[in-house]
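What follows is the content of query.pdb (PDB, C-alpha atoms and all ligand atoms).
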MODEL        1
ATOM      1  CA  MET A   1     194.666 221.013 151.541
ATOM      2  CA  ILE A   2     193.587 219.531 148.224
ATOM      3  CA  ALA A   3     194.497 215.962 147.341
ATOM      4  CA  LEU A   4     195.557 215.374 143.746
ATOM      5  CA  GLY A   5     195.879 212.113 141.889
ATOM      6  CA  SER A   6     196.243 211.058 138.289
ATOM      7  CA  ASP A   7     197.530 208.293 136.087
ATOM      8  CA  HIS A   8     199.909 208.803 133.147
ATOM      9  CA  ALA A   9     197.042 210.015 130.932
ATOM     10  CA  GLY A  10     196.205 212.749 133.420
ATOM     11  CA  PHE A  11     199.750 213.700 134.345
ATOM     12  CA  ASP A  12     200.119 216.735 132.058
ATOM     13  CA  LEU A  13     196.714 218.171 132.927
ATOM     14  CA  LYS A  14     197.492 217.654 136.609
ATOM     15  CA  GLN A  15     200.535 219.919 136.156
ATOM     16  CA  GLU A  16     198.180 222.617 134.822
ATOM     17  CA  ILE A  17     195.934 222.150 137.860
ATOM     18  CA  ILE A  18     198.967 222.421 140.136
ATOM     19  CA  ALA A  19     200.011 225.690 138.467
ATOM     20  CA  TYR A  20     196.459 227.020 138.965
ATOM     21  CA  LEU A  21     196.385 226.030 142.658
ATOM     22  CA  LYS A  22     199.796 227.626 143.211
ATOM     23  CA  GLU A  23     198.652 230.833 141.511
ATOM     24  CA  LYS A  24     195.598 230.913 143.809
ATOM     25  CA  GLY A  25     197.754 230.232 146.864
ATOM     26  CA  LEU A  26     195.895 226.978 147.588
ATOM     27  CA  GLU A  27     197.705 224.132 149.322
ATOM     28  CA  TYR A  28     197.730 220.721 147.673
ATOM     29  CA  LYS A  29     199.288 217.321 148.099
ATOM     30  CA  ASP A  30     200.072 215.306 144.994
ATOM     31  CA  PHE A  31     199.647 211.556 145.437
ATOM     32  CA  GLY A  32     201.120 210.785 141.998
ATOM     33  CA  THR A  33     201.719 209.613 139.435
ATOM     34  CA  PHE A  34     204.813 211.693 138.884
ATOM     35  CA  SER A  35     205.605 210.964 135.218
ATOM     36  CA  ARG A  36     204.031 210.045 131.882
ATOM     37  CA  GLU A  37     205.130 206.435 132.297
ATOM     38  CA  SER A  38     202.220 204.006 132.037
ATOM     39  CA  CYS A  39     200.688 203.135 135.397
ATOM     40  CA  ASP A  40     197.400 202.004 136.958
ATOM     41  CA  TYR A  41     194.878 204.709 137.905
ATOM     42  CA  PRO A  42     193.339 202.842 140.912
ATOM     43  CA  ASP A  43     196.614 203.223 142.841
ATOM     44  CA  PHE A  44     196.489 207.021 142.702
ATOM     45  CA  GLY A  45     192.731 207.362 143.006
ATOM     46  CA  GLU A  46     192.787 205.297 146.181
ATOM     47  CA  ALA A  47     195.767 207.148 147.706
ATOM     48  CA  ALA A  48     194.182 210.573 147.190
ATOM     49  CA  ALA A  49     190.787 209.317 148.371
ATOM     50  CA  ARG A  50     192.273 207.953 151.597
ATOM     51  CA  ALA A  51     193.791 211.369 152.316
ATOM     52  CA  VAL A  52     190.332 212.931 151.957
ATOM     53  CA  VAL A  53     188.551 210.479 154.282
ATOM     54  CA  SER A  54     191.357 210.680 156.862
ATOM     55  CA  GLY A  55     190.883 214.456 157.021
ATOM     56  CA  GLU A  56     194.423 215.203 155.834
ATOM     57  CA  CYS A  57     192.828 216.856 152.789
ATOM     58  CA  GLU A  58     189.426 218.563 152.610
ATOM     59  CA  ARG A  59     188.740 217.721 148.985
ATOM     60  CA  GLY A  60     190.371 215.904 146.110
ATOM     61  CA  ILE A  61     190.801 216.202 142.367
ATOM     62  CA  LEU A  62     191.487 213.183 140.173
ATOM     63  CA  ILE A  63     192.437 212.914 136.516
ATOM     64  CA  CYS A  64     192.796 209.940 134.213
ATOM     65  CA  GLY A  65     192.099 209.570 130.499
ATOM     66  CA  THR A  66     188.316 209.684 130.852
ATOM     67  CA  GLY A  67     187.807 210.489 134.535
ATOM     68  CA  ILE A  68     185.806 207.281 134.797
ATOM     69  CA  GLY A  69     188.244 204.665 136.068
ATOM     70  CA  ILE A  70     189.889 206.869 138.660
ATOM     71  CA  SER A  71     186.504 208.042 139.994
ATOM     72  CA  MET A  72     185.300 204.443 140.218
ATOM     73  CA  ALA A  73     188.384 203.574 142.254
ATOM     74  CA  ALA A  74     187.956 206.565 144.584
ATOM     75  CA  ASN A  75     184.280 205.756 145.147
ATOM     76  CA  LYS A  76     185.275 202.354 146.537
ATOM     77  CA  VAL A  77     186.850 204.126 149.518
ATOM     78  CA  ARG A  78     184.336 204.467 152.362
ATOM     79  CA  GLY A  79     183.296 208.095 152.786
ATOM     80  CA  ILE A  80     184.131 209.215 149.271
ATOM     81  CA  ARG A  81     181.646 210.853 146.952
ATOM     82  CA  CYS A  82     183.607 211.399 143.758
ATOM     83  CA  ALA A  83     181.832 213.012 140.805
ATOM     84  CA  SER A  84     183.223 212.601 137.314
ATOM     85  CA  CYS A  85     182.262 215.786 135.474
ATOM     86  CA  SER A  86     182.960 217.247 132.070
ATOM     87  CA  ASP A  87     180.626 220.249 132.229
ATOM     88  CA  CYS A  88     180.261 223.191 134.580
ATOM     89  CA  PHE A  89     176.625 222.543 135.490
ATOM     90  CA  SER A  90     177.405 219.017 136.702
ATOM     91  CA  ALA A  91     180.425 220.211 138.694
ATOM     92  CA  GLU A  92     178.262 222.822 140.430
ATOM     93  CA  MET A  93     175.453 220.374 141.161
ATOM     94  CA  ALA A  94     177.921 217.785 142.429
ATOM     95  CA  ARG A  95     178.702 220.240 145.233
ATOM     96  CA  LEU A  96     175.261 221.856 145.728
ATOM     97  CA  HIS A  97     173.216 218.663 145.799
ATOM     98  CA  ASN A  98     175.617 215.747 146.251
ATOM     99  CA  ASN A  99     178.261 217.236 148.538
ATOM    100  CA  ALA A 100     180.944 215.631 146.378
ATOM    101  CA  ASN A 101     184.260 215.538 148.201
ATOM    102  CA  MET A 102     186.200 214.577 145.094
ATOM    103  CA  LEU A 103     186.022 215.754 141.495
ATOM    104  CA  ALA A 104     187.300 213.690 138.588
ATOM    105  CA  PHE A 105     187.685 214.497 134.916
ATOM    106  CA  GLY A 106     189.334 213.069 131.851
ATOM    107  CA  ALA A 107     192.359 214.609 130.207
ATOM    108  CA  ARG A 108     191.205 213.005 126.943
ATOM    109  CA  VAL A 109     187.752 214.537 127.388
ATOM    110  CA  VAL A 110     188.176 218.113 128.609
ATOM    111  CA  GLY A 111     190.692 220.775 127.615
ATOM    112  CA  GLY A 112     192.809 222.729 130.071
ATOM    113  CA  GLY A 113     190.517 225.760 130.107
ATOM    114  CA  LEU A 114     187.415 223.762 130.985
ATOM    115  CA  ALA A 115     189.339 221.676 133.521
ATOM    116  CA  LEU A 116     190.375 224.802 135.425
ATOM    117  CA  LYS A 117     186.789 226.067 135.367
ATOM    118  CA  LEU A 118     185.571 222.726 136.770
ATOM    119  CA  VAL A 119     188.158 222.989 139.544
ATOM    120  CA  GLU A 120     187.178 226.569 140.336
ATOM    121  CA  ILE A 121     183.488 225.661 140.580
ATOM    122  CA  PHE A 122     184.196 222.541 142.629
ATOM    123  CA  LEU A 123     186.339 224.422 145.134
ATOM    124  CA  ASN A 124     184.053 227.458 145.474
ATOM    125  CA  THR A 125     180.578 225.948 145.691
ATOM    126  CA  GLU A 126     179.089 224.967 149.039
ATOM    127  CA  PHE A 127     176.670 222.119 149.730
ATOM    128  CA  GLU A 128     173.052 223.264 149.996
ATOM    129  CA  GLY A 129     172.139 220.767 152.720
ATOM    130  CA  GLY A 130     168.454 220.467 153.650
ATOM    131  CA  ARG A 131     166.673 217.754 151.670
ATOM    132  CA  HIS A 132     169.923 217.035 149.879
ATOM    133  CA  GLY A 133     171.521 216.214 153.217
ATOM    134  CA  ARG A 134     168.935 213.493 153.742
ATOM    135  CA  ARG A 135     169.602 212.065 150.278
ATOM    136  CA  VAL A 136     173.376 212.140 150.629
ATOM    137  CA  GLY A 137     172.904 210.463 154.025
ATOM    138  CA  LYS A 138     171.027 207.683 152.273
ATOM    139  CA  ILE A 139     173.872 207.265 149.774
ATOM    140  CA  MET A 140     176.366 206.931 152.591
ATOM    141  CA  ALA A 141     174.120 204.487 154.494
ATOM    142  CA  ILE A 142     174.537 202.056 151.608
ATOM    143  CA  GLU A 143     178.134 201.596 152.775
ATOM    144  CA  ASP A 144     176.815 199.988 155.980
ATOM    145  CA  ARG A 145     174.650 197.379 154.287
TER     146      ARG A 145
HETATM  147  C1  LIG B 201     194.562 204.655 130.415
HETATM  148  O1  LIG B 201     194.849 204.327 129.105
HETATM  149  C2  LIG B 201     193.076 204.880 130.593
HETATM  150  O2  LIG B 201     192.392 203.679 130.498
HETATM  151  C3  LIG B 201     192.788 205.574 131.901
HETATM  152  O3  LIG B 201     193.462 206.780 131.940
HETATM  153  C4  LIG B 201     191.352 205.920 132.182
HETATM  154  O4  LIG B 201     190.770 206.611 131.117
HETATM  155  C5  LIG B 201     190.498 204.838 132.673
HETATM  156  O5  LIG B 201     189.319 205.032 133.047
ENDMDL
END
Once more with this new file: its structure as structure tokens, please.
Ligand code: RB5
Amino acid sequence: MIALGSDHAGFDLKQEIIAYLKEKGLEYKDFGTFSRESCDYPDFGEAAARAVVSGECERGILICGTGIGISMAANKVRGIRCASCSDCFSAEMARLHNNANMLAFGARVVGGGLALKLVEIFLNTEFEGGRHGRRVGKIMAIEDR
């Protein structure tokens, strides 16, 4: 199950992501927003992030205007490693090296074609582990200090 969240700026692109997930037969849960009406991205970033840390969803995808605000909000939730990416290399490395459990991007930054590519990479790349496991462990240990 993939958690989705966006604000009004990301609403239309989120519909494109939903169509892509449906086409691939991938299950998702949309935590809103559900219209283009102006709203506050932290509400939806947090809701989707909580579904990821609870285990209800394995990974999450977040969209706002830039990808920045909604990723900042998600990263405040204990256990979340949300990477805001606007290129394929970063999306791949976010999984390989950082074990990102959420991907964010900006609907005012990336087009639909690139967004779908970022999603595909994020969902199909596995964490390398090894030395990167130690480093990610150190990131997560910061939450306990
Ligand atoms: C909304 O106008 C915009 O600020 C928001 O979508 C996002 O880009 C914030 O980081």
As a compact mmCIF listing (two decimals) with C-alpha atoms, keeping the file's coordinate frame, please: every protein or nucleic acid residue near ligand LIG 201 (chain B) (cut-off 7 Å, counting all atoms listed in the file).
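To be explicit, this is the file written out as out.txt:
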# COMPACT_ATOMS: atom_id res chain seq x y z
CA ASP A 7 197.53 208.29 136.09
CA HIS A 8 199.91 208.80 133.15
CA ALA A 9 197.04 210.02 130.93
CA GLY A 10 196.20 212.75 133.42
CA TYR A 41 194.88 204.71 137.90
CA CYS A 64 192.80 209.94 134.21
CA GLY A 65 192.10 209.57 130.50
CA THR A 66 188.32 209.68 130.85
CA GLY A 67 187.81 210.49 134.54
CA ILE A 68 185.81 207.28 134.80
CA GLY A 69 188.24 204.66 136.07
CA ILE A 70 189.89 206.87 138.66
CA GLY A 106 189.33 213.07 131.85
Determine the residue membership of the PyMOL selection byres (((chain A and resi 14) around 10) and not hetatm) for the file above and supply it as a ChimeraX atom specification.
/A:4-13,15-20,30,32-34,61-64,107,112,115
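Restricting the calculation to all atoms listed in the file, the smallest distance between A:Ala141 and any of A:Glu128, A:Leu123, A:Ser90, A:Arg78 is found for A:Arg78.
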Residues matched by the PyMOL selection byres (((chain A and resi 47) around 10) and not hetatm) as a list in words:
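Matching residues under the PyMOL selection byres (((chain A and resi 47) around 10) and not hetatm) are Ala3, Leu4, Gly5, Asp30, Phe31, Gly32, Pro42, Asp43, Phe44, Gly45, Glu46, Ala48, Ala49, Arg50, Ala51, Val52, Ala73, Ala74 and Val77 of chain A.
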Take the residues from that selection and put them in a file with C-alpha atoms, as a PDB file, keeping the file's coordinate frame.
ATOM      1  CA  ALA A   3     194.497 215.962 147.341  1.00  0.00           C
ATOM      2  CA  LEU A   4     195.557 215.374 143.746  1.00  0.00           C
ATOM      3  CA  GLY A   5     195.879 212.113 141.889  1.00  0.00           C
ATOM      4  CA  ASP A  30     200.072 215.306 144.994  1.00  0.00           C
ATOM      5  CA  PHE A  31     199.647 211.556 145.437  1.00  0.00           C
ATOM      6  CA  GLY A  32     201.120 210.785 141.998  1.00  0.00           C
ATOM      7  CA  PRO A  42     193.339 202.842 140.912  1.00  0.00           C
ATOM      8  CA  ASP A  43     196.614 203.223 142.841  1.00  0.00           C
ATOM      9  CA  PHE A  44     196.489 207.021 142.702  1.00  0.00           C
ATOM     10  CA  GLY A  45     192.731 207.362 143.006  1.00  0.00           C
ATOM     11  CA  GLU A  46     192.787 205.297 146.181  1.00  0.00           C
ATOM     12  CA  ALA A  48     194.182 210.573 147.190  1.00  0.00           C
ATOM     13  CA  ALA A  49     190.787 209.317 148.371  1.00  0.00           C
ATOM     14  CA  ARG A  50     192.273 207.953 151.597  1.00  0.00           C
ATOM     15  CA  ALA A  51     193.791 211.369 152.316  1.00  0.00           C
ATOM     16  CA  VAL A  52     190.332 212.931 151.957  1.00  0.00           C
ATOM     17  CA  ALA A  73     188.384 203.574 142.254  1.00  0.00           C
ATOM     18  CA  ALA A  74     187.956 206.565 144.584  1.00  0.00           C
ATOM     19  CA  VAL A  77     186.850 204.126 149.518  1.00  0.00           C
TER      20      VAL A  77
END
Counting all atoms listed in the file, what is within 10 Å of stretch 131-136 of chain A, bar same-chain residues fewer than 3 positions away, as an NGL selection string?
:A and (81 or 96-100 or 127-128 or 139-141)
Using C-alpha atoms, can you export the residues from the last selection as a PDB file, in the frame of the given file?
ATOM      1  CA  ARG A  81     181.646 210.853 146.952  1.00  0.00           C
ATOM      2  CA  LEU A  96     175.261 221.856 145.728  1.00  0.00           C
ATOM      3  CA  HIS A  97     173.216 218.663 145.799  1.00  0.00           C
ATOM      4  CA  ASN A  98     175.617 215.747 146.251  1.00  0.00           C
ATOM      5  CA  ASN A  99     178.261 217.236 148.538  1.00  0.00           C
ATOM      6  CA  ALA A 100     180.944 215.631 146.378  1.00  0.00           C
ATOM      7  CA  PHE A 127     176.670 222.119 149.730  1.00  0.00           C
ATOM      8  CA  GLU A 128     173.052 223.264 149.996  1.00  0.00           C
ATOM      9  CA  ILE A 139     173.872 207.265 149.774  1.00  0.00           C
ATOM     10  CA  MET A 140     176.366 206.931 152.591  1.00  0.00           C
ATOM     11  CA  ALA A 141     174.120 204.487 154.494  1.00  0.00           C
TER      12      ALA A 141
END
